[in-house]
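File shown: query.cif. Contents: mmCIF, C-alpha atoms and all ligand atoms.
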data_target
#
loop_
_atom_site.label_atom_id
_atom_site.label_comp_id
_atom_site.auth_asym_id
_atom_site.auth_seq_id
_atom_site.Cartn_x
_atom_site.Cartn_y
_atom_site.Cartn_z
CA MET K 1 1.50 229.75 119.94
CA LYS K 2 -0.17 229.80 116.51
CA VAL K 3 2.00 229.07 113.47
CA PRO K 4 0.07 229.17 110.19
CA ALA K 5 1.01 226.83 107.34
CA LEU K 6 1.75 229.94 105.31
CA ASP K 7 1.43 233.60 106.21
CA LEU K 8 1.45 235.69 103.05
CA LYS K 9 0.70 238.86 105.02
CA ARG K 10 4.27 238.83 106.34
CA GLN K 11 5.63 238.76 102.79
CA TYR K 12 3.18 241.39 101.57
CA LYS K 13 4.43 243.92 104.11
CA LYS K 14 7.78 243.91 102.34
CA VAL K 15 6.48 244.44 98.82
CA LYS K 16 3.24 246.33 99.47
CA LYS K 17 4.40 249.77 98.30
CA GLU K 18 5.94 248.56 95.04
CA ILE K 19 3.00 246.32 94.23
CA GLN K 20 0.44 249.01 94.95
CA HIS K 21 2.40 251.41 92.75
CA ASN K 22 2.38 248.89 89.87
CA ILE K 23 -1.31 248.12 90.30
CA ASN K 24 -2.17 251.82 90.31
CA THR K 25 -0.19 252.32 87.10
CA LEU K 26 -2.04 249.44 85.50
CA CYS K 27 -5.41 250.80 86.63
CA ASP K 28 -4.56 254.16 85.10
CA LYS K 29 -3.77 252.42 81.81
CA GLN K 30 -6.83 250.11 82.04
CA GLN K 31 -5.07 247.35 80.13
CA PHE K 32 -5.84 244.11 81.92
CA VAL K 33 -5.30 241.26 79.46
CA LEU K 34 -1.84 240.44 78.07
CA GLY K 35 -0.09 243.64 76.84
CA LYS K 36 3.21 245.13 78.00
CA ALA K 37 3.04 243.99 81.63
CA VAL K 38 2.70 240.35 80.55
CA ALA K 39 5.34 240.61 77.78
CA ASP K 40 7.80 242.22 80.24
CA PHE K 41 7.19 239.54 82.82
CA GLU K 42 7.58 236.79 80.21
CA ARG K 43 10.97 238.22 79.27
CA SER K 44 11.97 238.39 82.94
CA ILE K 45 11.04 234.75 83.56
CA ALA K 46 12.86 233.56 80.43
CA ALA K 47 15.98 235.47 81.57
CA TYR K 48 15.68 234.16 85.13
CA CYS K 49 15.32 230.54 83.99
CA GLY K 50 17.82 230.73 81.15
CA THR K 51 15.46 229.88 78.30
CA LYS K 52 14.73 231.70 75.06
CA TYR K 53 10.97 231.92 75.49
CA ALA K 54 8.35 232.17 78.20
CA VAL K 55 4.63 232.20 77.53
CA GLY K 56 2.17 233.26 80.21
CA CYS K 57 -1.10 231.41 80.68
CA ALA K 58 -3.94 231.19 83.17
CA SER K 59 -2.59 228.56 85.59
CA GLY K 60 -0.05 225.82 86.15
CA THR K 61 -2.68 223.29 85.13
CA ASP K 62 -3.16 225.05 81.80
CA ALA K 63 0.63 225.26 81.38
CA ILE K 64 0.72 221.46 81.55
CA LEU K 65 -2.32 221.07 79.28
CA LEU K 66 -0.87 223.45 76.68
CA SER K 67 2.51 221.68 76.85
CA LEU K 68 0.83 218.32 76.22
CA ILE K 69 -1.00 219.79 73.22
CA ILE K 70 2.31 221.13 71.89
CA ALA K 71 3.83 217.69 72.39
CA GLY K 72 1.05 216.33 70.16
CA ILE K 73 -0.55 214.19 72.84
CA LYS K 74 -3.89 212.82 71.76
CA ARG K 75 -6.42 210.08 72.39
CA GLY K 76 -4.81 206.69 72.84
CA ASP K 77 -1.34 207.97 73.72
CA GLU K 78 0.34 207.17 77.03
CA VAL K 79 2.20 209.67 79.18
CA LEU K 80 4.44 208.70 82.09
CA VAL K 81 3.88 210.71 85.25
CA PRO K 82 4.60 210.19 88.94
CA SER K 83 1.61 209.31 91.07
CA PHE K 84 2.96 211.18 94.09
CA THR K 85 2.05 214.71 93.01
CA PHE K 86 -0.82 217.16 92.86
CA ILE K 87 -3.61 215.90 90.61
CA ALA K 88 -2.91 218.68 88.07
CA SER K 89 0.24 216.89 86.90
CA ALA K 90 -1.90 214.05 85.54
CA GLU K 91 -5.37 215.51 85.00
CA PRO K 92 -4.55 217.28 81.69
CA ILE K 93 -3.27 213.99 80.20
CA ALA K 94 -6.69 212.41 80.72
CA ARG K 95 -8.43 215.61 79.53
CA LEU K 96 -6.82 215.02 76.13
CA GLY K 97 -8.08 211.44 76.04
CA ALA K 98 -4.59 210.05 76.65
CA THR K 99 -3.66 207.68 79.48
CA PRO K 100 -1.58 208.70 82.48
CA VAL K 101 0.82 205.87 83.28
CA PHE K 102 1.60 206.29 86.94
CA CYS K 103 5.17 205.72 88.07
CA ASP K 104 6.67 205.18 91.50
CA ILE K 105 9.07 207.55 93.24
CA ASP K 106 12.46 207.46 94.87
CA SER K 107 12.04 206.97 98.62
CA LYS K 108 14.58 209.67 99.49
CA THR K 109 13.86 212.58 97.13
CA TYR K 110 10.17 211.75 96.50
CA ASN K 111 10.74 212.44 92.80
CA ILE K 112 10.05 209.98 89.97
CA ASP K 113 12.30 206.91 90.11
CA HIS K 114 14.07 206.88 86.73
CA ALA K 115 15.25 203.30 87.29
CA LEU K 116 11.67 202.02 86.98
CA LEU K 117 10.72 203.92 83.83
CA GLU K 118 11.87 201.41 81.20
CA LYS K 119 9.29 198.89 82.44
CA LYS K 120 6.48 201.36 81.82
CA VAL K 121 7.28 202.12 78.18
CA THR K 122 5.00 200.75 75.46
CA LYS K 123 4.55 201.60 71.78
CA LYS K 124 1.95 204.14 72.84
CA THR K 125 4.25 206.12 75.18
CA LYS K 126 4.73 209.62 73.79
CA ALA K 127 5.91 211.82 76.65
CA ILE K 128 6.99 211.99 80.26
CA ILE K 129 5.91 214.59 82.78
CA VAL K 130 8.63 215.04 85.36
CA VAL K 131 7.49 216.71 88.57
CA HIS K 132 10.07 218.59 90.62
CA LEU K 133 8.27 217.93 93.86
CA TYR K 134 8.48 220.22 96.89
CA GLY K 135 11.09 222.42 95.16
CA GLN K 136 13.78 219.91 94.24
CA THR K 137 14.53 218.84 90.67
CA ALA K 138 14.28 215.20 89.66
CA ASP K 139 17.31 213.41 88.21
CA MET K 140 17.12 215.11 84.82
CA LYS K 141 20.30 213.68 83.30
CA LYS K 142 18.95 210.16 83.61
CA ILE K 143 15.46 211.18 82.54
CA ILE K 144 16.64 213.07 79.47
CA ALA K 145 18.81 210.12 78.39
CA PHE K 146 15.84 207.76 78.86
CA ALA K 147 13.53 210.10 76.91
CA LYS K 148 16.04 210.35 74.05
CA LYS K 149 16.25 206.58 73.81
CA TYR K 150 12.48 206.27 73.39
CA LYS K 151 11.96 209.58 71.54
CA LEU K 152 9.67 211.00 74.22
CA ASN K 153 8.88 214.62 74.86
CA VAL K 154 9.96 215.79 78.30
CA ILE K 155 7.58 218.14 80.07
CA GLU K 156 8.81 219.50 83.38
CA ASP K 157 6.14 220.21 85.94
CA ALA K 158 8.15 222.84 87.80
CA CYS K 159 5.02 224.32 89.40
CA GLN K 160 6.57 223.91 92.86
CA ALA K 161 10.15 224.53 91.87
CA ILE K 162 10.77 227.90 90.29
CA GLY K 163 14.40 228.85 90.92
CA ALA K 164 15.49 225.33 91.89
CA VAL K 165 18.78 224.21 90.31
CA TYR K 166 19.63 220.72 89.09
CA GLY K 167 23.24 220.36 90.25
CA PRO K 168 24.73 218.03 87.60
CA LEU K 169 23.70 220.35 84.74
CA GLY K 170 23.74 223.63 86.68
CA LYS K 171 20.36 224.43 85.13
CA LYS K 172 17.15 225.83 86.52
CA ALA K 173 13.96 223.81 86.95
CA GLY K 174 11.84 223.94 83.82
CA SER K 175 14.70 224.74 81.46
CA MET K 176 15.99 221.21 80.80
CA GLY K 177 13.14 219.41 79.06
CA ASP K 178 11.25 220.38 75.92
CA LEU K 179 8.80 222.48 77.89
CA GLY K 180 8.73 223.66 81.53
CA CYS K 181 5.58 224.60 83.45
CA PHE K 182 5.13 227.02 86.34
CA SER K 183 2.24 227.91 88.60
CA PHE K 184 1.85 231.31 90.22
CA PHE K 185 -0.89 230.17 92.59
CA PRO K 186 -0.64 232.49 95.64
CA SER K 187 0.98 229.90 97.91
CA LYS K 188 3.80 229.11 95.49
CA ASN K 189 7.33 230.46 96.14
CA LEU K 190 6.53 233.03 93.46
CA GLY K 191 2.83 233.58 93.99
CA GLY K 192 0.42 236.06 92.42
CA PHE K 193 -2.83 237.55 93.63
CA GLY K 194 -4.86 234.79 92.01
CA ASP K 195 -4.22 232.10 89.42
CA GLY K 196 -1.47 232.32 86.85
CA GLY K 197 0.97 230.10 84.99
CA MET K 198 3.80 230.05 82.48
CA ILE K 199 5.50 227.74 80.01
CA ILE K 200 9.19 228.08 79.20
CA THR K 201 10.97 226.60 76.19
CA ASP K 202 13.95 227.08 73.91
CA LYS K 203 12.02 226.12 70.78
CA LYS K 204 10.70 229.04 68.77
CA SER K 205 8.10 226.94 66.97
CA TYR K 206 6.72 225.81 70.35
CA ALA K 207 6.58 229.36 71.69
CA ASP K 208 4.90 230.67 68.54
CA THR K 209 2.23 227.98 68.74
CA LEU K 210 1.74 228.58 72.46
CA TYR K 211 1.13 232.31 71.90
CA MET K 212 -1.66 231.28 69.56
CA LEU K 213 -3.10 228.38 71.55
CA ARG K 214 -3.56 230.47 74.70
CA GLN K 215 -5.59 232.95 72.69
CA HIS K 216 -8.16 230.90 70.74
CA GLY K 217 -5.59 229.71 68.22
CA SER K 218 -5.34 233.16 66.81
CA GLN K 219 -2.50 235.41 65.69
CA LYS K 220 -4.71 238.03 64.13
CA LYS K 221 -7.89 239.00 65.94
CA TYR K 222 -10.93 237.03 64.79
CA TYR K 223 -8.86 234.75 62.51
CA HIS K 224 -8.30 231.33 64.06
CA THR K 225 -5.59 229.11 62.64
CA LEU K 226 -5.67 226.54 65.43
CA LEU K 227 -8.24 225.20 67.82
CA GLY K 228 -7.12 227.02 70.95
CA MET K 229 -8.47 228.11 74.30
CA ASN K 230 -8.68 231.14 76.53
CA SER K 231 -5.72 230.81 78.85
CA ARG K 232 -4.06 234.18 79.23
CA LEU K 233 -2.05 235.56 82.10
CA ASP K 234 -3.75 238.66 83.51
CA ALA K 235 -1.72 241.86 83.38
CA LEU K 236 -2.60 242.34 87.04
CA GLN K 237 -0.86 239.08 87.95
CA ALA K 238 2.12 239.90 85.76
CA THR K 239 2.61 243.29 87.36
CA VAL K 240 2.44 241.82 90.87
CA LEU K 241 4.74 238.92 89.98
CA GLN K 242 7.27 241.24 88.33
CA VAL K 243 7.81 242.92 91.70
CA LYS K 244 8.00 239.63 93.59
CA LEU K 245 10.46 238.10 91.12
CA LYS K 246 13.11 240.62 92.26
CA TYR K 247 12.96 239.07 95.74
CA LEU K 248 12.65 235.43 94.73
CA ASP K 249 16.30 234.48 95.23
CA GLU K 250 16.38 236.20 98.62
CA TRP K 251 13.19 234.36 99.60
CA ILE K 252 14.62 231.04 98.41
CA LYS K 253 17.72 231.72 100.51
CA GLY K 254 15.42 232.36 103.48
CA ARG K 255 13.64 229.05 102.92
CA ILE K 256 16.96 227.20 102.68
CA GLU K 257 18.03 228.75 106.02
CA LYS K 258 14.75 227.72 107.67
CA ALA K 259 15.16 224.18 106.30
CA ALA K 260 18.72 223.99 107.64
CA TYR K 261 17.50 225.10 111.06
CA TYR K 262 14.75 222.47 111.09
CA ASP K 263 17.35 219.86 110.04
CA ARG K 264 19.54 220.89 112.98
CA LEU K 265 16.70 220.80 115.51
CA PHE K 266 15.50 217.39 114.32
CA LYS K 267 19.04 216.02 114.36
CA GLU K 268 19.50 217.16 117.95
CA LYS K 269 16.18 215.89 119.24
CA LEU K 270 14.69 213.25 116.98
CA GLU K 271 17.36 211.87 114.72
CA ARG K 272 16.16 208.25 114.73
CA LEU K 273 12.46 209.04 114.59
CA ILE K 274 12.29 211.65 111.85
CA VAL K 275 13.69 211.62 108.32
CA THR K 276 14.38 215.16 107.14
CA PRO K 277 14.37 216.16 103.43
CA LYS K 278 17.26 214.79 101.37
CA VAL K 279 18.98 217.10 98.93
CA ALA K 280 20.47 215.07 96.09
CA GLY K 281 24.06 215.93 95.12
CA ASP K 282 24.61 219.63 94.60
CA ASN K 283 21.01 220.45 93.79
CA ILE K 284 19.56 223.70 95.06
CA HIS K 285 16.32 222.75 96.79
CA THR K 286 13.91 225.67 97.13
CA TYR K 287 11.79 224.12 99.89
CA HIS K 288 8.36 224.95 98.58
CA GLN K 289 7.54 222.35 101.20
CA TYR K 290 9.59 221.05 104.12
CA VAL K 291 8.44 217.45 104.39
CA ILE K 292 9.38 215.08 107.19
CA LYS K 293 8.84 211.34 107.25
CA ILE K 294 8.06 209.60 110.50
CA ASN K 295 10.13 206.43 110.72
CA ASP K 296 8.53 203.10 111.55
CA THR K 297 5.07 204.47 111.79
CA SER K 298 1.58 203.80 110.57
CA LYS K 299 -0.81 206.10 108.73
CA LYS K 300 -2.93 206.15 111.89
CA ARG K 301 -0.10 207.47 114.05
CA ARG K 302 0.92 210.03 111.42
CA ASP K 303 -2.68 211.25 111.26
CA GLU K 304 -2.76 211.49 115.06
CA LEU K 305 0.41 213.59 114.97
CA LEU K 306 -1.17 215.85 112.38
CA GLN K 307 -4.22 216.29 114.59
CA TYR K 308 -2.01 217.02 117.58
CA LEU K 309 -0.08 219.67 115.63
CA HIS K 310 -3.36 221.31 114.65
CA LYS K 311 -4.52 221.20 118.28
CA LYS K 312 -1.31 223.03 119.20
CA GLY K 313 -1.99 225.73 116.61
CA ILE K 314 0.48 224.51 113.99
CA GLY K 315 -0.58 224.61 110.35
CA ALA K 316 0.97 221.33 109.23
CA ASN K 317 -0.40 219.59 106.13
CA ILE K 318 -0.12 216.43 104.09
CA TYR K 319 1.00 216.75 100.49
CA TYR K 320 -0.49 214.44 99.31
CA PRO K 321 -2.74 212.23 101.43
CA GLU K 322 -3.98 210.12 98.51
CA PRO K 323 -1.70 209.34 95.53
CA CYS K 324 -3.07 210.01 92.05
CA HIS K 325 -3.29 206.32 91.09
CA LEU K 326 -5.76 205.72 93.96
CA GLN K 327 -7.94 208.76 93.32
CA PRO K 328 -11.56 207.98 92.38
CA CYS K 329 -11.25 210.02 89.17
CA PHE K 330 -8.63 207.56 87.93
CA SER K 331 -10.34 204.38 89.16
CA TYR K 332 -11.03 203.46 85.50
CA LEU K 333 -7.30 202.84 85.09
CA GLY K 334 -7.51 199.87 87.45
CA TYR K 335 -4.74 200.60 89.94
CA SER K 336 -5.18 199.21 93.43
CA LYS K 337 -3.51 199.63 96.82
CA GLY K 338 -0.01 198.20 96.65
CA SER K 339 0.48 199.10 92.95
CA LEU K 340 3.09 201.75 93.75
CA SER K 341 4.52 200.89 97.13
CA VAL K 342 7.00 203.74 97.72
CA THR K 343 4.42 206.31 96.69
CA GLU K 344 1.85 204.85 99.05
CA GLN K 345 4.25 204.48 101.98
CA THR K 346 5.31 208.11 101.49
CA ALA K 347 1.73 209.34 101.34
CA TRP K 348 0.91 207.56 104.60
CA THR K 349 3.96 208.64 106.62
CA THR K 350 4.91 212.21 105.66
CA ILE K 351 3.92 215.62 107.00
CA SER K 352 4.69 219.10 105.63
CA LEU K 353 5.66 221.69 108.20
CA PRO K 354 5.24 225.44 107.91
CA ILE K 355 8.09 226.96 105.91
CA TYR K 356 8.46 230.49 104.60
CA PRO K 357 11.25 233.06 104.73
CA GLU K 358 9.53 235.04 107.49
CA LEU K 359 9.11 232.06 109.86
CA SER K 360 10.88 232.81 113.16
CA ARG K 361 13.33 230.58 115.01
CA GLN K 362 10.99 230.61 118.03
CA GLU K 363 8.22 229.24 115.83
CA GLN K 364 10.48 226.50 114.49
CA ILE K 365 11.64 225.56 118.00
CA TYR K 366 8.01 225.40 119.10
CA ILE K 367 7.02 223.14 116.17
CA VAL K 368 9.87 220.71 116.76
CA SER K 369 9.21 220.59 120.51
CA VAL K 370 5.53 219.74 119.89
CA ILE K 371 6.56 216.87 117.57
CA ASP K 372 9.19 215.75 120.08
CA TYR K 373 6.63 215.65 122.89
CA PHE K 374 4.09 213.72 120.78
CA LEU K 375 6.53 211.10 119.49
CA LYS K 376 8.17 210.46 122.86
CA LYS K 377 5.12 210.50 125.11
C1 LIG L 401 3.07 219.91 91.16
C2 LIG L 401 1.98 220.81 90.68
N1 LIG L 401 1.55 220.70 89.42
C3 LIG L 401 0.58 221.50 88.94
C4 LIG L 401 -0.01 222.45 89.72
C5 LIG L 401 -1.14 223.25 89.14
O1 LIG L 401 -0.96 224.62 89.22
P1 LIG L 401 -2.23 225.61 89.30
O2 LIG L 401 -2.82 225.47 90.65
O3 LIG L 401 -1.63 226.95 89.05
O4 LIG L 401 -3.15 225.20 88.22
C6 LIG L 401 0.42 222.62 91.04
C7 LIG L 401 -0.12 223.67 91.92
O5 LIG L 401 -1.11 223.73 92.48
C8 LIG L 401 1.43 221.76 91.54
O6 LIG L 401 1.83 221.86 92.81
#
Mind turning this structure into structure tokens?
Amino acid sequence: MKVPALDLKRQYKKVKKEIQHNINTLCDKQQFVLGKAVADFERSIAAYCGTKYAVGCASGTDAILLSLIIAGIKRGDEVLVPSFTFIASAEPIARLGATPVFCDIDSKTYNIDHALLEKKVTKKTKAIIVVHLYGQTADMKKIIAFAKKYKLNVIEDACQAIGAVYGPLGKKAGSMGDLGCFSFFPSKNLGGFGDGGMIITDKKSYADTLYMLRQHGSQKKYYHTLLGMNSRLDALQATVLQVKLKYLDEWIKGRIEKAAYYDRLFKEKLERLIVTPKVAGDNIHTYHQYVIKINDTSKKRRDELLQYLHKKGIGANIYYPEPCHLQPCFSYLGYSKGSLSVTEQTAWTTISLPIYPELSRQEQIYIVSVIDYFLKK
């Protein structure tokens, strides 16, 4: 049996007619950059997330870069960020000449460990980027209290977590810090037909500046108040995403059901060998990824399992095989193996399994039986 890591064709079947209708309307209008489609979608995202403003931009990476600019991050500043994340959480910090200060994660949720943050603060610390990894929010109550104490801006990298809810505050991912960032990369839970991103905020002054920054620092054409960039959300993406947004909650529900079924299968067959994802408190985890940890194992054995899954036609992946603090592009920061032990252990022992609302029970049974066979042989 072949089970792809993600099969967007299955999702497309459901929304094809509506999307094609919207694209045709847009083609008739020939308005492809910003405009009504983008403004409508921005309003929809703000309403969905419970914030006052939403500003579209070209990608999740740009959403983080623009948020850092808004937060006033500049050369010499330090920004706290987990190392166990996609490089785009940290890359924009360095792009601005500031220093990413890599933090370790909690071994159960894989999100930044708030208990270790105090040790990382210096006079230069100006902001914290909190990543809601795999679709579950980090412990925002603790992080917001910590940020208040040290007067830090809180930027939520919610690129993997649109629709996730942080239980203790009953709030959606991205809506709790000063600025929240989303990616609409096609594989995301809300994915476009190319790159796209968004920043949400409750602060009008932030939103007003973002509208300018994404468009060459300009409010009036050819007059440039700020030094900006070209980072606009295409109308084509907005019109596609507007359709998909209607189904997002249903799709999240589907992912939660698939995760619960995996949990059940692993509990029945492999309880002592596999650690399934932990949902903290009454969070709503959106399972952008379903990540298992193989107990008492080595990187070598995990890699062999990955190879075996591939041999059996299963599109498993590792997110992320090399933590940010050990990436060559950050070697100048001087981290070495062992600097962030939980992060490293997690990177060496976890595997992401296929998860999407359209995944069938037969496919899930097959995946778990392949893992069962490999680990017990
Ligand atoms: C955690 C995280 N941050 C940032 C990004 C960057 O988003 P994009 O690919 O839209 O630039 C991604 C997605 O790839 C991500 O998963």
Report task. Produce as a list in words the set of residues near ligand LIG 401 (chain L), where near means within 7 Å with all atoms listed in the file considered. Result ->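 These are the residues that qualify: Ser59, Gly60, Thr61, Asp62, Thr85, Phe86, Ala88, Ser89, Val131, Leu133, Asp157, Ala158, Cys159, Gln160, Ser183, Phe184, Phe185, Asp195, Gly196 and Gly197 of chain K.
Between CA of Ile129 in chain K and CA of Thr109 in chain K the interatomic distance comes to 16.5 Å.
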Spatial neighbours of His114 in chain K, 8 Å, all atoms listed in the file, chain gap at least 4 places, as a compact mmCIF listing (two decimals) with C-alpha atoms, in the frame of the given file:
# COMPACT_ATOMS: atom_id res chain seq x y z
CA ASP K 139 17.31 213.41 88.21
CA LYS K 142 18.95 210.16 83.61
CA ILE K 143 15.46 211.18 82.54
Requested in this report: List every protein, DNA or RNA residue with an atom no more than 9 Å from (-5.0, 241.7, 81.5) in the file's coordinates, counting all atoms listed in the file, and format the result as a list of chain:residue names.
Outcome: K:Gln30, K:Gln31, K:Phe32, K:Val33, K:Leu34, K:Gly35, K:Ala37, K:Val38, K:Arg232, K:Leu233, K:Asp234, K:Ala235, K:Leu236, K:Gln237, K:Ala238
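Minimum distance to Tyr287 in chain K across K:Pro82, K:Gly180, K:Gly135, K:Gly313 (counting all atoms listed in the file) occurs at K:Gly135.
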Requested in this report: Find, counting all atoms listed in the file, the residue in K:Ile105, K:Ile292, K:Leu309, K:Ile252 that gets nearest to Phe84 in chain K.
Outcome: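 Among the listed residues, K:Ile105 lies closest to Phe84 in chain K.
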Requested in this report: List every protein, DNA or RNA residue with an atom no more than 10 Å from (1.7, 250.1, 91.5) in the file's coordinates, counting all atoms listed in the file, and format the result as a list of chain:residue names.
Outcome: K:Lys16, K:Lys17, K:Glu18, K:Ile19, K:Gln20, K:His21, K:Asn22, K:Ile23, K:Asn24, K:Thr25, K:Leu26, K:Cys27, K:Asp28, K:Leu236, K:Thr239, K:Val240, K:Val243
Requested in this report: Write out as a list in words the residues lying within 12 Å of Ala47 in chain K, counting all atoms listed in the file and excluding same-chain residues fewer than 2 positions away.
Outcome: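 The filter keeps Asp40, Phe41, Glu42, Arg43, Ser44, Ile45, Cys49, Gly50, Thr51, Lys52, Tyr53, Ala54, Gly163, Lys172, Ser175, Ile200, Thr201, Asp202 and Leu245 of chain K.
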Requested in this report: Work out how far CA of Ile318 in chain K is from CA of Ile155 in chain K, in Å to one decimal.
Outcome: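 Here the two named atoms are 25.3 Å from each other.
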Query raised in the report: What gap, in Å, lies between CA of His325 in chain K and CA of Thr125 in chain K?
Result: 17.6 Å
Query - Test item: residues at most 8 Å from range 214-217 of chain K, all atoms listed in the file, excluding those fewer than 4 positions along its chain, as a PyMOL selection string - result: chain K and resi 57+66+210+224-232
Requested in this report: Give me the residues within 10 Å of Leu65 in chain K as a ChimeraX atom specification, counting all atoms listed in the file and dropping any in the same chain fewer than 4 places off.
Outcome: /K:59-61,69-71,73,88-96,181
Report task. Find the residue from K:Ser187, K:His288, K:Tyr223, K:Ile314 that sits nearest to Lys9 in chain K; use only C-alpha atoms when measuring. Result ->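 Going through K:Ser187, K:His288, K:Tyr223, K:Ile314 one by one, the smallest distance to Lys9 in chain K is for K:Ser187.
Compared by their closest atoms to Lys204 in chain K, and using only C-alpha atoms, the residues K:Ile112, K:Val55, K:Ala173, K:Ala63 rank with K:Val55 nearest.
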Could you make a table, as CSV, of the residues of range 115-195 of chain K that have an atom within 12 Å of an atom of range 354-371 of chain K, each with its nearest atom pair and distance in Å to one decimal, counting all atoms listed in the file, in chain and number order?
residue,atom,partner,partner_atom,distance
K:Tyr134,CA,K:Ile355,CA,11.3
K:Ser187,CA,K:Tyr356,CA,10.1
K:Lys188,CA,K:Tyr356,CA,10.3
K:Asn189,CA,K:Tyr356,CA,8.5
K:Leu190,CA,K:Tyr356,CA,11.6
Nearby residues (all atoms listed in the file) at most 9 Å from Thr297 in chain K, same-chain spacing under 3 positions excluded, as a PDB file with C-alpha atoms, in the frame of the given file:
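What ended up in out23.pdb:
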ATOM      1  CA  ILE K 294       8.060 209.600 110.500  1.00  0.00           C
ATOM      2  CA  LYS K 300      -2.930 206.150 111.890  1.00  0.00           C
ATOM      3  CA  ARG K 301      -0.100 207.470 114.050  1.00  0.00           C
ATOM      4  CA  ARG K 302       0.920 210.030 111.420  1.00  0.00           C
ATOM      5  CA  TRP K 348       0.910 207.560 104.600  1.00  0.00           C
ATOM      6  CA  THR K 349       3.960 208.640 106.620  1.00  0.00           C
TER       7      THR K 349
END
File output, range 279-299 of chain K (C-alpha atoms) as a compact mmCIF listing (two decimals), in the first residue's frame:
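Generated output (decode_25.txt):
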# COMPACT_ATOMS: atom_id res chain seq x y z
CA VAL K 279 -1.91 17.44 24.48
CA ALA K 280 -1.34 19.85 27.36
CA GLY K 281 -4.38 20.59 29.55
CA ASP K 282 -7.44 21.55 27.55
CA ASN K 283 -5.56 22.78 24.51
CA ILE K 284 -6.99 22.10 21.09
CA HIS K 285 -4.15 20.56 19.09
CA THR K 286 -4.65 20.84 15.34
CA TYR K 287 -2.17 18.09 14.40
CA HIS K 288 -0.40 19.81 11.57
CA GLN K 289 1.97 16.95 12.30
CA TYR K 290 1.42 13.71 14.20
CA VAL K 291 4.82 13.06 15.73
CA ILE K 292 5.81 9.90 17.56
CA LYS K 293 8.90 9.38 19.66
CA ILE K 294 10.59 6.01 19.75
CA ASN K 295 11.49 5.18 23.33
CA ASP K 296 14.98 4.07 24.28
CA THR K 297 16.33 4.33 20.80
CA SER K 298 19.24 5.76 18.91
CA LYS K 299 19.26 8.10 15.93
